[in-house]
Structures are given as C-alpha cells and as structure tokens.
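Notes for the one structure printed next.
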Amino acid sequence: VAFYRSALPLLAAAQQQALPFTLEPAAAEQKLAAGRPLLIDEELPLDGETAVDLFLRLCRAVETMAASGRAGWSLFKWDKTDTSPASQAARQIRQAVAQRRLGLARVWAALAVGERGWVRETAVSLELDADMLWMLAQNSLKPALRAWAHGLSQVVNLNHWRRGHCPMCGSAPALSEIQGKEGERRLRCLLCGVGWYYPRLQCAFCGHRDHKSLGYIAVEGEEEKYRLQTCDACRRYLKVVVTYDPIPADLLLVEDLATLHL
C-alpha cells in the first residue's frame, strides 16, 4: 500500500508520455480471430530511456518509503535504526542497473512472455531480490502497456474474444468483475488494465465448464461484493468483484490489495 501510494502518481505521469502505437483495424481483427494478443510479436515503441528512468524512480520510491518509516506497519519487520529489507533490496537492484550489471531490456522481454524463471535465475546470480525485481519491472512497463491498450481499444472490438488471457498483452487475469444489472462477467488484466467478456460458468485458467467442478468461496457478510471462484479441475481460483461500473485501470491495484484476505 505504501509503495503504490508513492508509485501511482509516477505511473500516471509516465502513461501520458508513452509513445503512441496502433494497428490497422483489419490486422487487429485478424490477430484476435487467430487467438493472438494484439501487443504480442509487434515492434512496440517503448522509449527505453524513459522506461529506465521510471524503473529507477520506482526503486527510489521503495528506498525512501522504507527509510522514512512510512511502511512501519507492513509485512517487513526490522530495527528502525537499520536499513529495511525492502529498502536494501531496491537499492541493490538500482545499483545493478546503474552499473550495467543488470540489463532491463532483457528483463522486460522475459516479463512480456512470462519467463519468471529466467528473471529469478538472473536475480539469484546477481544476488538480487527476484520478487522485488519482477514487481519493479512490471510497474515500469505498465504506463506504456496501458497507453497502447487504450489506443488499440478504440480501433478494435474485443466483444468476440472468449479466452482466459488478456487480448492485449497476453497476461493471466488478476480478477473478474460481475458488472451491471445483467451480471455480465468480465476478466481484468492488472498489467495493461484491459477488461474482456468471459462466460460465468467457465474456469478462466483451464476452460473447464462442468458446474460440478466450479464453486465459490466467500467471507461471511461479503458474499454480495467479494468472493472467489474455484475450479476443482485445475485447483486454481480467481477473485470476483461485484461492481456496477468497470473498475478504473489505475484502481485495479487498489482493488487487488483490498481483497488480499480472500
């Protein structure tokens, strides 16, 4: 929470500076019909210098947040007279980038195709915190991805996309929304912010449709707002949020944190 309080303004400002990207409507429709996310296998105009600068700013945000004691109520426990684990991890990553021991272009490429194992191995070899690196890399890409996804959503219709991964960047959904009076289910991507329709009685991860294998878990008293949809076939779950209007992309992070108890 403390991190995103500092990071959200940085991400919003960076999204306004992202270089534009679009596809011809016919080409975009053809990719979707073939089941290919629109941003995959494209020459995307990522401004490397701006993205690196944002990454370093996010590192400093973690360092400053932890050093000032603003995250004293976080999961990290430390002696306030010493450097926090979060601050130290962020500083080590920032120094590795500054010293060119860590190339962010390769990290972003691995992130784009879900190669978390490569990122972890690289972090371990450099004695860096792998989870911190993944989180910072994801957030430094979000402004550009969201700007591109927003632009593409103006030229292509996503209503025919019925797959469990994001039609823009290919990421797995972070949560699903039950929207409006009709109770339409839409999956939401935490990385690029896009939402797309998906059948309610179908697992978003394995596509299982047997209602006997699909279930719900809810905290008593929260059934009308928050719950989990579970799948006995693949043993995975997805958060479900009941909302009248779509959650704004910037607030998906907040909603994800607000539902940690699930």
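By convention in this document, the chains of the structure tokens carry letters A, B, ... by their order, each chain's residues are numbered from 1, and ligands are numbered from 1 in the order they are shown.
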
Shell around Pro246 in chain A at 9 Å using only C-alpha atoms, local window under 4 positions removed, as a ChimeraX atom specification: /A:177,179-180,186,195

Since we have the selection now, will you write its residues out, keeping N, CA and C atoms, as an mmCIF file, in the first residue's frame?
data_model
loop_
_atom_site.group_PDB
_atom_site.id
_atom_site.type_symbol
_atom_site.label_atom_id
_atom_site.label_comp_id
_atom_site.auth_asym_id
_atom_site.auth_seq_id
_atom_site.Cartn_x
_atom_site.Cartn_y
_atom_site.Cartn_z
ATOM 1 N N GLU A 177 -14.856 -9.222 -12.841
ATOM 2 C CA GLU A 177 -15.931 -8.342 -12.382
ATOM 3 C C GLU A 177 -17.270 -8.914 -12.815
ATOM 4 N N GLN A 179 -20.576 -7.293 -13.650
ATOM 5 C CA GLN A 179 -20.931 -5.908 -13.923
ATOM 6 C C GLN A 179 -22.414 -5.747 -14.220
ATOM 7 N N GLY A 180 -22.940 -4.592 -13.740
ATOM 8 C CA GLY A 180 -24.261 -4.133 -14.144
ATOM 9 C C GLY A 180 -25.414 -5.003 -13.712
ATOM 10 N N ARG A 186 -16.652 -10.010 -16.618
ATOM 11 C CA ARG A 186 -15.531 -9.522 -17.410
ATOM 12 C C ARG A 186 -14.247 -9.765 -16.627
ATOM 13 N N GLY A 195 -10.258 -5.010 -19.922
ATOM 14 C CA GLY A 195 -11.273 -5.949 -19.486
ATOM 15 C C GLY A 195 -11.932 -6.602 -20.690
#

Could you tell me, as a ChimeraX atom specification, which residues of range 12-220 of chain A DSSP assigns to alpha helix (DSSP H) when given the backbone? /A:12-17,25-33,48-67,85-98,104-112,116-125,130-153

Using only C-alpha atoms, the best pick from A:Glu29, A:Glu255, A:Asp245, A:Glu184 as closest to Tyr198 in chain A would be A:Glu184

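Residues surrounding range 172-174 of chain A within 7 Å are Gly164, His165, Cys166, Leu187, Arg188, Cys189 and Leu190 of chain A [only C-alpha atoms; sequence separation below 3 positions excluded].
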
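By chain and then residue number, the residues within 9 Å of Arg146 in chain A are Gln15, Leu191, Cys192, Gly193, Val194 and Ala249 of chain A, counting only C-alpha atoms and disregarding those fewer than 6 positions away in sequence.
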
Within 8 Å of Ile40 in chain A, counting only C-alpha atoms, which residues show up once you throw out same-chain ones fewer than 2 positions away? Write them as an NGL selection string, please. :A and (36-38 or 42 or 168-170)

Just N, CA and C atoms for this one: save the residues we selected as a PDB file, in the first residue's frame.
ATOM      1  N   ARG A  36      -4.414 -14.449 -31.011  1.00  0.00           N
ATOM      2  CA  ARG A  36      -3.136 -13.822 -30.672  1.00  0.00           C
ATOM      3  C   ARG A  36      -3.367 -12.446 -30.047  1.00  0.00           C
ATOM      4  N   PRO A  37      -2.845 -12.202 -28.844  1.00  0.00           N
ATOM      5  CA  PRO A  37      -2.969 -10.873 -28.229  1.00  0.00           C
ATOM      6  C   PRO A  37      -2.348  -9.804 -29.121  1.00  0.00           C
ATOM      7  N   LEU A  38      -2.935  -8.628 -29.117  1.00  0.00           N
ATOM      8  CA  LEU A  38      -2.574  -7.598 -30.088  1.00  0.00           C
ATOM      9  C   LEU A  38      -1.163  -7.045 -29.914  1.00  0.00           C
ATOM     10  N   GLU A  42       4.882  -7.632 -31.896  1.00  0.00           N
ATOM     11  CA  GLU A  42       4.863  -6.338 -32.583  1.00  0.00           C
ATOM     12  C   GLU A  42       6.101  -5.529 -32.193  1.00  0.00           C
ATOM     13  N   MET A 168      -4.832  -8.063 -25.109  1.00  0.00           N
ATOM     14  CA  MET A 168      -3.836  -7.059 -25.464  1.00  0.00           C
ATOM     15  C   MET A 168      -2.423  -7.564 -25.213  1.00  0.00           C
ATOM     16  N   CYS A 169      -2.117  -7.948 -23.962  1.00  0.00           N
ATOM     17  CA  CYS A 169      -0.737  -8.298 -23.616  1.00  0.00           C
ATOM     18  C   CYS A 169      -0.538  -9.780 -23.325  1.00  0.00           C
ATOM     19  N   GLY A 170      -1.615 -10.549 -23.246  1.00  0.00           N
ATOM     20  CA  GLY A 170      -1.497 -11.982 -23.037  1.00  0.00           C
ATOM     21  C   GLY A 170      -1.371 -12.417 -21.594  1.00  0.00           C
TER      22      GLY A 170
END

Residues at most 12 Å from Asp53 in chain A, counting only C-alpha atoms, excluding those fewer than 4 positions away in the same chain, as an NGL selection string? :A and (10-11 or 14 or 47-49 or 57-60 or 94 or 97-98 or 104 or 136-137 or 140-141)
